[in-house]
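Dropping data_21.txt in here (compact mmCIF, C-alpha atoms):
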```txt
# COMPACT_ATOMS: atom_id res chain seq x y z
CA MET A 1 102.55 89.45 106.21
CA ARG A 2 103.16 92.42 103.93
CA LEU A 3 102.04 92.43 100.31
CA PHE A 4 103.98 94.74 98.00
CA HIS A 5 101.65 95.18 95.05
CA ALA A 6 100.01 97.51 92.54
CA TRP A 7 96.25 97.95 92.58
CA LEU A 8 95.85 97.56 88.80
CA SER A 9 98.40 94.78 88.30
CA SER A 10 96.74 91.52 87.22
CA ALA A 11 99.28 89.44 89.17
CA SER A 12 98.73 91.56 92.28
CA ARG A 13 94.97 91.19 91.89
CA ARG A 14 95.38 87.42 91.72
CA VAL A 15 97.21 87.31 95.04
CA ARG A 16 94.78 89.72 96.71
CA LEU A 17 91.90 87.48 95.63
CA CYS A 18 93.63 84.48 97.14
CA LEU A 19 94.38 86.29 100.41
CA ALA A 20 90.75 87.39 100.60
CA GLU A 21 89.43 83.87 99.96
CA LYS A 22 91.66 82.58 102.74
CA ASN A 23 90.74 85.49 105.01
CA ILE A 24 94.44 86.02 105.74
CA PRO A 25 95.24 89.44 107.23
CA TYR A 26 98.11 91.37 105.67
CA ASP A 27 99.56 94.84 105.42
CA SER A 28 99.14 96.44 102.01
CA VAL A 29 102.16 98.28 100.56
CA ALA A 30 101.26 99.90 97.24
CA VAL A 31 104.05 100.11 94.64
CA ASP A 32 103.89 102.95 92.10
CA LEU A 33 104.77 101.35 88.76
CA SER A 34 104.82 104.68 86.90
CA ARG A 35 107.64 105.80 89.18
CA GLN A 36 109.36 102.43 88.75
CA GLU A 37 109.39 101.74 92.46
CA GLN A 38 109.48 98.06 91.52
CA HIS A 39 112.99 98.61 90.17
CA ALA A 40 114.36 100.20 93.34
CA PRO A 41 117.10 98.21 95.11
CA GLU A 42 114.82 97.69 98.11
CA PHE A 43 112.18 96.00 95.94
CA LEU A 44 114.70 94.01 93.89
CA ALA A 45 115.94 92.52 97.17
CA MET A 46 112.43 91.06 97.56
CA ASN A 47 111.86 90.13 93.92
CA PRO A 48 114.94 90.16 91.67
CA ASP A 49 112.68 90.13 88.58
CA GLY A 50 111.51 93.65 89.43
CA VAL A 51 107.78 92.97 89.03
CA VAL A 52 104.89 93.02 91.47
CA PRO A 53 103.78 91.43 93.66
CA ALA A 54 106.17 90.35 96.40
CA LEU A 55 105.05 88.91 99.72
CA GLU A 56 107.00 89.30 102.93
CA ILE A 57 106.01 86.25 104.94
CA SER A 58 108.22 87.12 107.91
CA PRO A 59 111.00 89.67 108.46
CA GLY A 60 113.56 89.17 105.72
CA ARG A 61 111.74 86.26 104.05
CA PHE A 62 110.10 87.01 100.71
CA LEU A 63 108.28 85.16 97.96
CA HIS A 64 107.31 86.26 94.46
CA GLU A 65 105.52 84.93 91.34
CA SER A 66 101.76 85.13 91.78
CA SER A 67 101.07 81.48 90.99
CA THR A 68 103.68 80.40 93.53
CA LEU A 69 102.28 82.79 96.11
CA CYS A 70 98.75 81.44 95.68
CA GLU A 71 99.87 77.85 96.12
CA TYR A 72 101.90 78.86 99.18
CA LEU A 73 98.83 80.53 100.70
CA ASP A 74 96.77 77.42 99.99
CA ASP A 75 99.41 75.36 101.80
CA ILE A 76 99.59 77.48 104.94
CA ALA A 77 95.82 78.05 105.13
CA PRO A 78 94.29 74.86 103.70
CA GLU A 79 90.68 75.83 104.38
CA PRO A 80 88.90 76.39 102.14
CA PRO A 81 91.01 74.33 99.71
CA LEU A 82 91.69 76.08 96.40
CA ARG A 83 93.35 73.16 94.58
CA PRO A 84 91.85 69.89 93.39
CA ALA A 85 92.72 66.83 95.47
CA ASP A 86 92.92 64.63 92.37
CA PRO A 87 96.49 64.71 90.93
CA TYR A 88 95.29 64.80 87.33
CA ALA A 89 92.89 67.67 87.98
CA LEU A 90 95.64 69.49 89.90
CA ALA A 91 97.98 69.18 86.92
CA GLN A 92 95.23 70.51 84.63
CA MET A 93 94.69 73.46 86.94
CA ARG A 94 98.41 74.28 86.95
CA ASN A 95 98.55 74.06 83.17
CA PHE A 96 95.67 76.52 82.87
CA VAL A 97 97.27 78.98 85.29
CA ARG A 98 100.51 78.76 83.33
CA TRP A 99 98.58 79.29 80.08
CA THR A 100 97.12 82.54 81.38
CA ASP A 101 100.61 83.75 82.34
CA GLU A 102 102.15 82.84 78.99
CA LYS A 103 99.29 83.45 76.55
CA SER A 104 97.10 86.12 78.15
CA LEU A 105 99.40 88.32 80.23
CA PRO A 106 101.72 89.59 77.45
CA HIS A 107 98.73 90.88 75.47
CA LEU A 108 97.06 92.43 78.49
CA LEU A 109 100.29 94.28 79.29
CA ILE A 110 100.26 95.93 75.86
CA LEU A 111 96.74 97.23 76.46
CA ASN A 112 97.28 98.23 80.09
CA TRP A 113 100.67 99.87 79.70
CA SER A 114 99.57 101.87 76.66
CA LEU A 115 96.75 103.25 78.78
CA MET A 116 98.36 103.71 82.18
CA LEU A 117 102.11 104.26 81.72
CA GLN A 118 102.75 105.54 78.20
CA SER A 119 101.95 109.21 78.82
CA THR A 120 104.47 109.33 81.68
CA ALA A 121 107.21 107.38 79.88
CA GLN A 122 107.00 109.56 76.74
CA GLN A 123 107.96 112.61 78.81
CA TRP A 124 111.33 111.18 79.82
CA SER A 125 114.43 112.58 78.19
CA ASP A 126 116.77 110.16 76.44
CA GLN A 127 119.09 110.24 79.43
CA GLU A 128 116.24 109.65 81.87
CA LEU A 129 115.11 106.69 79.79
CA GLN A 130 118.59 105.18 79.75
CA ASP A 131 118.93 105.65 83.51
CA LYS A 132 115.60 103.92 84.09
CA LEU A 133 116.38 101.08 81.69
CA ALA A 134 119.61 100.42 83.55
CA ARG A 135 117.57 99.58 86.67
CA ILE A 136 115.33 97.02 84.96
CA PRO A 137 116.65 93.50 85.51
CA THR A 138 115.08 91.69 82.52
CA ALA A 139 115.49 92.29 78.79
CA GLU A 140 111.81 91.62 78.15
CA ARG A 141 110.66 94.39 80.47
CA ARG A 142 113.33 96.80 79.20
CA GLU A 143 111.94 96.34 75.69
CA ALA A 144 108.41 96.95 76.94
CA TRP A 145 109.43 100.24 78.54
CA VAL A 146 111.26 101.30 75.36
CA ARG A 147 108.12 100.58 73.38
CA ILE A 148 105.82 102.78 75.45
CA ALA A 149 108.44 105.52 75.84
CA ARG A 150 109.67 105.77 72.26
CA LYS A 151 107.81 103.32 70.00
CA PRO A 152 104.15 103.39 71.06
CA TYR A 153 102.11 100.36 70.12
CA THR A 154 100.05 101.02 67.01
CA GLU A 155 96.30 100.67 66.89
CA GLU A 156 96.80 97.55 64.79
CA GLU A 157 99.10 96.03 67.44
CA LYS A 158 96.63 96.82 70.20
CA ALA A 159 93.79 95.32 68.20
CA GLU A 160 95.82 92.15 67.72
CA ALA A 161 96.66 92.07 71.43
CA LEU A 162 92.95 92.27 72.23
CA ARG A 163 92.15 89.49 69.76
CA LYS A 164 94.69 87.21 71.41
CA LEU A 165 93.55 88.18 74.90
CA LEU A 166 90.00 87.19 74.01
CA LEU A 167 91.19 83.64 73.29
CA LEU A 168 90.99 83.20 77.06
CA VAL A 169 87.22 83.58 76.90
CA ASP A 170 86.94 80.84 74.29
CA ARG A 171 89.19 78.57 76.32
CA MET A 172 87.14 79.11 79.46
CA GLU A 173 83.88 78.51 77.60
CA GLY A 174 85.23 75.11 76.62
CA MET A 175 86.38 74.29 80.14
CA LEU A 176 83.16 75.20 81.94
CA ALA A 177 80.60 72.43 82.13
CA PRO A 178 76.86 73.19 81.92
CA SER A 179 76.25 71.85 85.41
CA SER A 180 79.47 73.02 87.12
CA PRO A 181 79.96 76.66 88.07
CA TRP A 182 83.77 76.78 88.17
CA LEU A 183 86.64 76.08 85.82
CA MET A 184 87.74 72.91 87.60
CA GLY A 185 84.23 71.65 88.24
CA ALA A 186 82.09 72.02 91.31
CA ASN A 187 84.76 73.64 93.49
CA TYR A 188 86.18 77.14 93.19
CA SER A 189 89.94 76.99 92.67
CA LEU A 190 93.13 78.85 91.85
CA ALA A 191 92.17 78.48 88.18
CA ASP A 192 89.22 80.80 88.75
CA ILE A 193 91.42 83.22 90.68
CA ALA A 194 93.98 83.20 87.86
CA ALA A 195 91.35 84.03 85.25
CA ALA A 196 89.49 86.72 87.19
CA PRO A 197 91.88 89.69 86.66
CA PHE A 198 91.91 89.08 82.89
CA ILE A 199 88.14 88.75 82.64
CA ALA A 200 87.76 91.90 84.75
CA ARG A 201 89.71 93.85 82.12
CA ILE A 202 87.88 92.21 79.24
CA ALA A 203 84.62 93.27 80.89
CA GLU A 204 85.80 96.87 80.52
CA ILE A 205 87.52 96.66 77.14
CA GLU A 206 85.22 94.29 75.23
CA PRO A 207 82.10 93.58 77.33
CA ALA A 208 80.29 91.98 74.37
CA ALA A 209 82.72 89.05 74.62
CA LEU A 210 81.19 88.15 77.98
CA ALA A 211 77.58 88.40 76.84
CA GLU A 212 75.25 85.52 77.57
CA ALA A 213 74.45 85.24 73.88
CA THR A 214 78.07 84.66 72.86
CA HIS A 215 79.67 82.91 75.86
CA PRO A 216 76.88 81.79 78.20
CA ARG A 217 79.07 79.71 80.49
CA VAL A 218 81.67 82.45 80.94
CA HIS A 219 78.85 84.94 81.45
CA ARG A 220 77.44 82.77 84.25
CA TRP A 221 80.93 82.29 85.71
CA TRP A 222 81.63 86.04 85.72
CA GLN A 223 78.36 86.79 87.45
CA ALA A 224 79.16 84.20 90.15
CA MET A 225 82.71 85.50 90.55
CA GLN A 226 81.54 89.05 91.21
CA GLN A 227 79.18 87.82 93.92
CA ARG A 228 81.94 86.29 96.03
CA PRO A 229 82.80 88.38 99.13
CA ALA A 230 86.49 88.01 98.31
CA PHE A 231 85.98 89.77 94.99
CA ALA A 232 84.92 92.97 96.73
CA ALA A 233 87.64 92.60 99.37
CA ALA A 234 90.35 92.29 96.71
CA ARG A 235 89.40 95.65 95.15
CA LEU A 236 89.55 94.99 91.42
CA GLN A 237 88.93 98.64 90.72
CA LEU A 238 87.89 99.69 87.23
CA PHE A 239 90.69 101.19 85.16
CA GLY A 240 88.37 103.99 84.05
CA GLU A 241 87.73 104.97 87.64
CA VAL A 242 91.46 105.10 88.37
CA LEU A 243 92.10 107.28 85.32
CA GLN A 244 89.38 109.68 86.44
CA GLU A 245 90.87 109.83 89.93
CA ARG A 246 94.30 110.60 88.51
CA GLN A 247 92.89 113.29 86.26
CA ARG A 248 91.10 114.93 89.17
CA ALA A 249 94.27 114.77 91.26
CA THR A 250 96.39 116.45 88.56
CA THR A 251 93.85 119.05 87.42
CA PRO A 252 94.43 122.38 89.20
CA SER A 253 91.45 123.61 91.16
CA ARG A 254 90.00 126.98 90.18
```
Mind turning this structure into structure tokens?
Amino acid sequence: MRLFHAWLSSASRRVRLCLAEKNIPYDSVAVDLSRQEQHAPEFLAMNPDGVVPALEISPGRFLHESSTLCEYLDDIAPEPPLRPADPYALAQMRNFVRWTDEKSLPHLLILNWSLMLQSTAQQWSDQELQDKLARIPTAERREAWVRIARKPYTEEEKAEALRKLLLLVDRMEGMLAPSSPWLMGANYSLADIAAAPFIARIAEIEPAALAEATHPRVHRWWQAMQQRPAFAAARLQLFGEVLQERQRATTPSR
């Protein structure tokens, strides 16, 4: 298998966590989002939506959409199982994963893109911007690139994005039972994997939201998540560390 992904992408992190839990070997192919490698014809042949990740399961056979990829991996490597056996619990798990994609991801993108991609996009000329927009297959993502290139999100918009992102913490606090460590009960599942990339960013942006005093169950969950061997293997690197690495790489040596 080959995973085409970005190290800081929440969807890519989700799939890496799943691969690590399943102990499935794969070749890592990093995609540079700032250079829009995800919009190149070669990548669009793997994922016509032009977003990471994409998984090559055999020569010429590709899958995309992180939730689909995780369920596929759970099918081909059923041990340890990452989905509830009970049909009702399985439906609940899928609803939660979908909720994170629809209600958490758009707000995280505002915060992440403003930090990681805006400085590059603002340097493009009008013609460069139009050329790049022409390669983006979806109207939603074209608008996002226009925003960071020409209409940066205001501090008020970013504050509102953070407020809505933090609704995930409240939702998880309500899902977690006092005696069960994971979102779907006693067993670790794809629901926990779906939440982890978002909580990892919240831990950097608004760590007080994960404090034991405010959200004790999420605090306990986050501590347990970070102790799993797969968490280290998936490399959920801190955004601050990546920014420092980039700064060192672009700063001329004296």
Point to revise | Two-atom distance - CA of Leu17 in chain A, CA of Gly240 in chain A (Å) | key: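 Computing it gives 20.5 Å between the two atoms.
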Exercise for review: Excluding Asp27 in chain A and residues on its chain fewer than 2 positions from it, collect all residues at most 8 Å away from it, counting all atoms listed in the file, and give them as a VMD selection string.
Suggested key: chain A and resid 1 to 3 25 29
Practice item. Would you please work out which residue, of A:Ser114, A:Thr100, A:His107, A:Leu236, is nearest to Thr154 in chain A when using all atoms listed in the file? Key: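 Checking each candidate against Thr154 in chain A, we get A:Ser114 as the closest.
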Practice item. Rank nothing, just name the residue among A:Ile193, A:Leu108, A:Ala77, A:Ala45 nearest to Ile24 in chain A, using all atoms listed in the file. Key: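 The shortest atom-to-atom distance to Ile24 in chain A comes from A:Ala77.
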**Study point:** All residues 12 Å or closer to range 198-208 of chain A, only C-alpha atoms, same chain fewer than 5 positions away omitted, as a PyMOL selection string
**Key:** chain A and resi 8-14+97+100-101+103-109+111-112+115+158-159+161-170+172+191-193+213-216+218-219+221-223+225-226+231+235-241
Store the residues of this selection in a file with C-alpha atoms, as an mmCIF file, in the frame of the given file.
```
data_model
loop_
_atom_site.group_PDB
_atom_site.id
_atom_site.type_symbol
_atom_site.label_atom_id
_atom_site.label_comp_id
_atom_site.auth_asym_id
_atom_site.auth_seq_id
_atom_site.Cartn_x
_atom_site.Cartn_y
_atom_site.Cartn_z
ATOM 1 C CA LEU A 8 95.850 97.560 88.800
ATOM 2 C CA SER A 9 98.400 94.780 88.300
ATOM 3 C CA SER A 10 96.740 91.520 87.220
ATOM 4 C CA ALA A 11 99.280 89.440 89.170
ATOM 5 C CA SER A 12 98.730 91.560 92.280
ATOM 6 C CA ARG A 13 94.970 91.190 91.890
ATOM 7 C CA ARG A 14 95.380 87.420 91.720
ATOM 8 C CA VAL A 97 97.270 78.980 85.290
ATOM 9 C CA THR A 100 97.120 82.540 81.380
ATOM 10 C CA ASP A 101 100.610 83.750 82.340
ATOM 11 C CA LYS A 103 99.290 83.450 76.550
ATOM 12 C CA SER A 104 97.100 86.120 78.150
ATOM 13 C CA LEU A 105 99.400 88.320 80.230
ATOM 14 C CA PRO A 106 101.720 89.590 77.450
ATOM 15 C CA HIS A 107 98.730 90.880 75.470
ATOM 16 C CA LEU A 108 97.060 92.430 78.490
ATOM 17 C CA LEU A 109 100.290 94.280 79.290
ATOM 18 C CA LEU A 111 96.740 97.230 76.460
ATOM 19 C CA ASN A 112 97.280 98.230 80.090
ATOM 20 C CA LEU A 115 96.750 103.250 78.780
ATOM 21 C CA LYS A 158 96.630 96.820 70.200
ATOM 22 C CA ALA A 159 93.790 95.320 68.200
ATOM 23 C CA ALA A 161 96.660 92.070 71.430
ATOM 24 C CA LEU A 162 92.950 92.270 72.230
ATOM 25 C CA ARG A 163 92.150 89.490 69.760
ATOM 26 C CA LYS A 164 94.690 87.210 71.410
ATOM 27 C CA LEU A 165 93.550 88.180 74.900
ATOM 28 C CA LEU A 166 90.000 87.190 74.010
ATOM 29 C CA LEU A 167 91.190 83.640 73.290
ATOM 30 C CA LEU A 168 90.990 83.200 77.060
ATOM 31 C CA VAL A 169 87.220 83.580 76.900
ATOM 32 C CA ASP A 170 86.940 80.840 74.290
ATOM 33 C CA MET A 172 87.140 79.110 79.460
ATOM 34 C CA ALA A 191 92.170 78.480 88.180
ATOM 35 C CA ASP A 192 89.220 80.800 88.750
ATOM 36 C CA ILE A 193 91.420 83.220 90.680
ATOM 37 C CA ALA A 213 74.450 85.240 73.880
ATOM 38 C CA THR A 214 78.070 84.660 72.860
ATOM 39 C CA HIS A 215 79.670 82.910 75.860
ATOM 40 C CA PRO A 216 76.880 81.790 78.200
ATOM 41 C CA VAL A 218 81.670 82.450 80.940
ATOM 42 C CA HIS A 219 78.850 84.940 81.450
ATOM 43 C CA TRP A 221 80.930 82.290 85.710
ATOM 44 C CA TRP A 222 81.630 86.040 85.720
ATOM 45 C CA GLN A 223 78.360 86.790 87.450
ATOM 46 C CA MET A 225 82.710 85.500 90.550
ATOM 47 C CA GLN A 226 81.540 89.050 91.210
ATOM 48 C CA PHE A 231 85.980 89.770 94.990
ATOM 49 C CA ARG A 235 89.400 95.650 95.150
ATOM 50 C CA LEU A 236 89.550 94.990 91.420
ATOM 51 C CA GLN A 237 88.930 98.640 90.720
ATOM 52 C CA LEU A 238 87.890 99.690 87.230
ATOM 53 C CA PHE A 239 90.690 101.190 85.160
ATOM 54 C CA GLY A 240 88.370 103.990 84.050
ATOM 55 C CA GLU A 241 87.730 104.970 87.640
#
```
Check your understanding: Smallest atom-to-atom distance to Ala224 in chain A: which of A:Ala196, A:Ala139, A:Val52, A:Val15, using only C-alpha atoms?
Key -> A:Ala196
Check your understanding: Could you state the separation of CA of Leu190 in chain A and CA of Ala85 in chain A in Å, given to one decimal place?
Key ->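 Pair CA of Leu190 in chain A / CA of Ala85 in chain A returns 12.6 Å.
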**Study point:** One-decimal distance in Å that lies between CA of Trp145 in chain A and CA of Leu133 in chain A
**Key:**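 Computed distance, CA of Leu133 in chain A to CA of Trp145 in chain A, equals 7.7 Å.
If all atoms listed in the file are the atoms counted, then among A:Met116, A:Phe43, A:Val51, A:Asn95 the closest residue to Leu243 in chain A is A:Met116.
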Check your understanding: With all atoms listed in the file as the basis for distance, which of A:Ala209, A:Met46, A:Ala233, A:Leu82 is at the shortest distance from Asn23 in chain A?
Key ->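 Among A:Ala209, A:Met46, A:Ala233, A:Leu82, it is A:Ala233 that comes nearest to Asn23 in chain A.
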Kindly list the centre and edge lengths in Å, rounded to one decimal, for the axis-aligned box that covers all listed atoms of range 106-119 of chain A plus 6 Å on each of its six sides, as lines of an AutoDock Vina configuration file.
```
center_x = 99.7
center_y = 99.4
center_z = 78.8
size_x = 18.0
size_y = 31.6
size_z = 18.7
```
Mind completing range 105-130 of chain A with N, CA and C atoms? Output as an mmCIF file, in the frame of the given file, please?
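As written to disk, out_37.cif reads:
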```cif
data_model
loop_
_atom_site.group_PDB
_atom_site.id
_atom_site.type_symbol
_atom_site.label_atom_id
_atom_site.label_comp_id
_atom_site.auth_asym_id
_atom_site.auth_seq_id
_atom_site.Cartn_x
_atom_site.Cartn_y
_atom_site.Cartn_z
ATOM 1 N N LEU A 105 98.749 87.171 79.600
ATOM 2 C CA LEU A 105 99.400 88.320 80.230
ATOM 3 C C LEU A 105 100.165 89.210 79.260
ATOM 4 N N PRO A 106 100.979 88.679 78.342
ATOM 5 C CA PRO A 106 101.720 89.590 77.450
ATOM 6 C C PRO A 106 100.802 90.524 76.662
ATOM 7 N N HIS A 107 99.649 90.054 76.257
ATOM 8 C CA HIS A 107 98.730 90.880 75.470
ATOM 9 C C HIS A 107 97.995 91.884 76.347
ATOM 10 N N LEU A 108 97.681 91.479 77.575
ATOM 11 C CA LEU A 108 97.060 92.430 78.490
ATOM 12 C C LEU A 108 98.019 93.561 78.835
ATOM 13 N N LEU A 109 99.302 93.250 78.963
ATOM 14 C CA LEU A 109 100.290 94.280 79.290
ATOM 15 C C LEU A 109 100.344 95.352 78.203
ATOM 16 N N ILE A 110 100.258 94.943 76.956
ATOM 17 C CA ILE A 110 100.260 95.930 75.860
ATOM 18 C C ILE A 110 99.104 96.904 76.030
ATOM 19 N N LEU A 111 97.924 96.385 76.314
ATOM 20 C CA LEU A 111 96.740 97.230 76.460
ATOM 21 C C LEU A 111 96.816 98.093 77.715
ATOM 22 N N ASN A 112 97.237 97.498 78.824
ATOM 23 C CA ASN A 112 97.280 98.230 80.090
ATOM 24 C C ASN A 112 98.371 99.291 80.104
ATOM 25 N N TRP A 113 99.560 98.921 79.654
ATOM 26 C CA TRP A 113 100.670 99.870 79.700
ATOM 27 C C TRP A 113 100.435 101.045 78.754
ATOM 28 N N SER A 114 99.858 100.777 77.600
ATOM 29 C CA SER A 114 99.570 101.870 76.660
ATOM 30 C C SER A 114 98.628 102.876 77.297
ATOM 31 N N LEU A 115 97.751 102.388 78.150
ATOM 32 C CA LEU A 115 96.750 103.250 78.780
ATOM 33 C C LEU A 115 97.285 103.950 80.015
ATOM 34 N N MET A 116 98.024 103.218 80.847
ATOM 35 C CA MET A 116 98.360 103.710 82.180
ATOM 36 C C MET A 116 99.759 104.313 82.302
ATOM 37 N N LEU A 117 100.715 103.863 81.507
ATOM 38 C CA LEU A 117 102.110 104.260 81.720
ATOM 39 C C LEU A 117 102.715 105.049 80.557
ATOM 40 N N GLN A 118 102.122 104.955 79.385
ATOM 41 C CA GLN A 118 102.750 105.540 78.200
ATOM 42 C C GLN A 118 102.907 107.044 78.299
ATOM 43 N N SER A 119 101.881 107.746 78.789
ATOM 44 C CA SER A 119 101.950 109.210 78.820
ATOM 45 C C SER A 119 103.092 109.686 79.710
ATOM 46 N N THR A 120 103.357 108.968 80.801
ATOM 47 C CA THR A 120 104.470 109.330 81.680
ATOM 48 C C THR A 120 105.800 109.014 81.030
ATOM 49 N N ALA A 121 105.928 107.815 80.453
ATOM 50 C CA ALA A 121 107.210 107.380 79.880
ATOM 51 C C ALA A 121 107.622 108.239 78.697
ATOM 52 N N GLN A 122 106.662 108.749 77.920
ATOM 53 C CA GLN A 122 107.000 109.560 76.740
ATOM 54 C C GLN A 122 107.590 110.902 77.119
ATOM 55 N N GLN A 123 107.419 111.322 78.366
ATOM 56 C CA GLN A 123 107.960 112.610 78.810
ATOM 57 C C GLN A 123 109.417 112.519 79.246
ATOM 58 N N TRP A 124 109.948 111.318 79.384
ATOM 59 C CA TRP A 124 111.330 111.180 79.820
ATOM 60 C C TRP A 124 112.288 111.622 78.724
ATOM 61 N N SER A 125 113.360 112.271 79.129
ATOM 62 C CA SER A 125 114.430 112.580 78.190
ATOM 63 C C SER A 125 115.173 111.289 77.846
ATOM 64 N N ASP A 126 116.011 111.348 76.818
ATOM 65 C CA ASP A 126 116.770 110.160 76.440
ATOM 66 C C ASP A 126 117.645 109.689 77.598
ATOM 67 N N GLN A 127 118.244 110.626 78.318
ATOM 68 C CA GLN A 127 119.090 110.240 79.430
ATOM 69 C C GLN A 127 118.274 109.621 80.569
ATOM 70 N N GLU A 128 117.120 110.212 80.839
ATOM 71 C CA GLU A 128 116.240 109.650 81.870
ATOM 72 C C GLU A 128 115.823 108.230 81.498
ATOM 73 N N LEU A 129 115.504 108.018 80.232
ATOM 74 C CA LEU A 129 115.110 106.690 79.790
ATOM 75 C C LEU A 129 116.248 105.701 79.972
ATOM 76 N N GLN A 130 117.453 106.081 79.589
ATOM 77 C CA GLN A 130 118.590 105.180 79.750
ATOM 78 C C GLN A 130 118.855 104.872 81.223
#
```
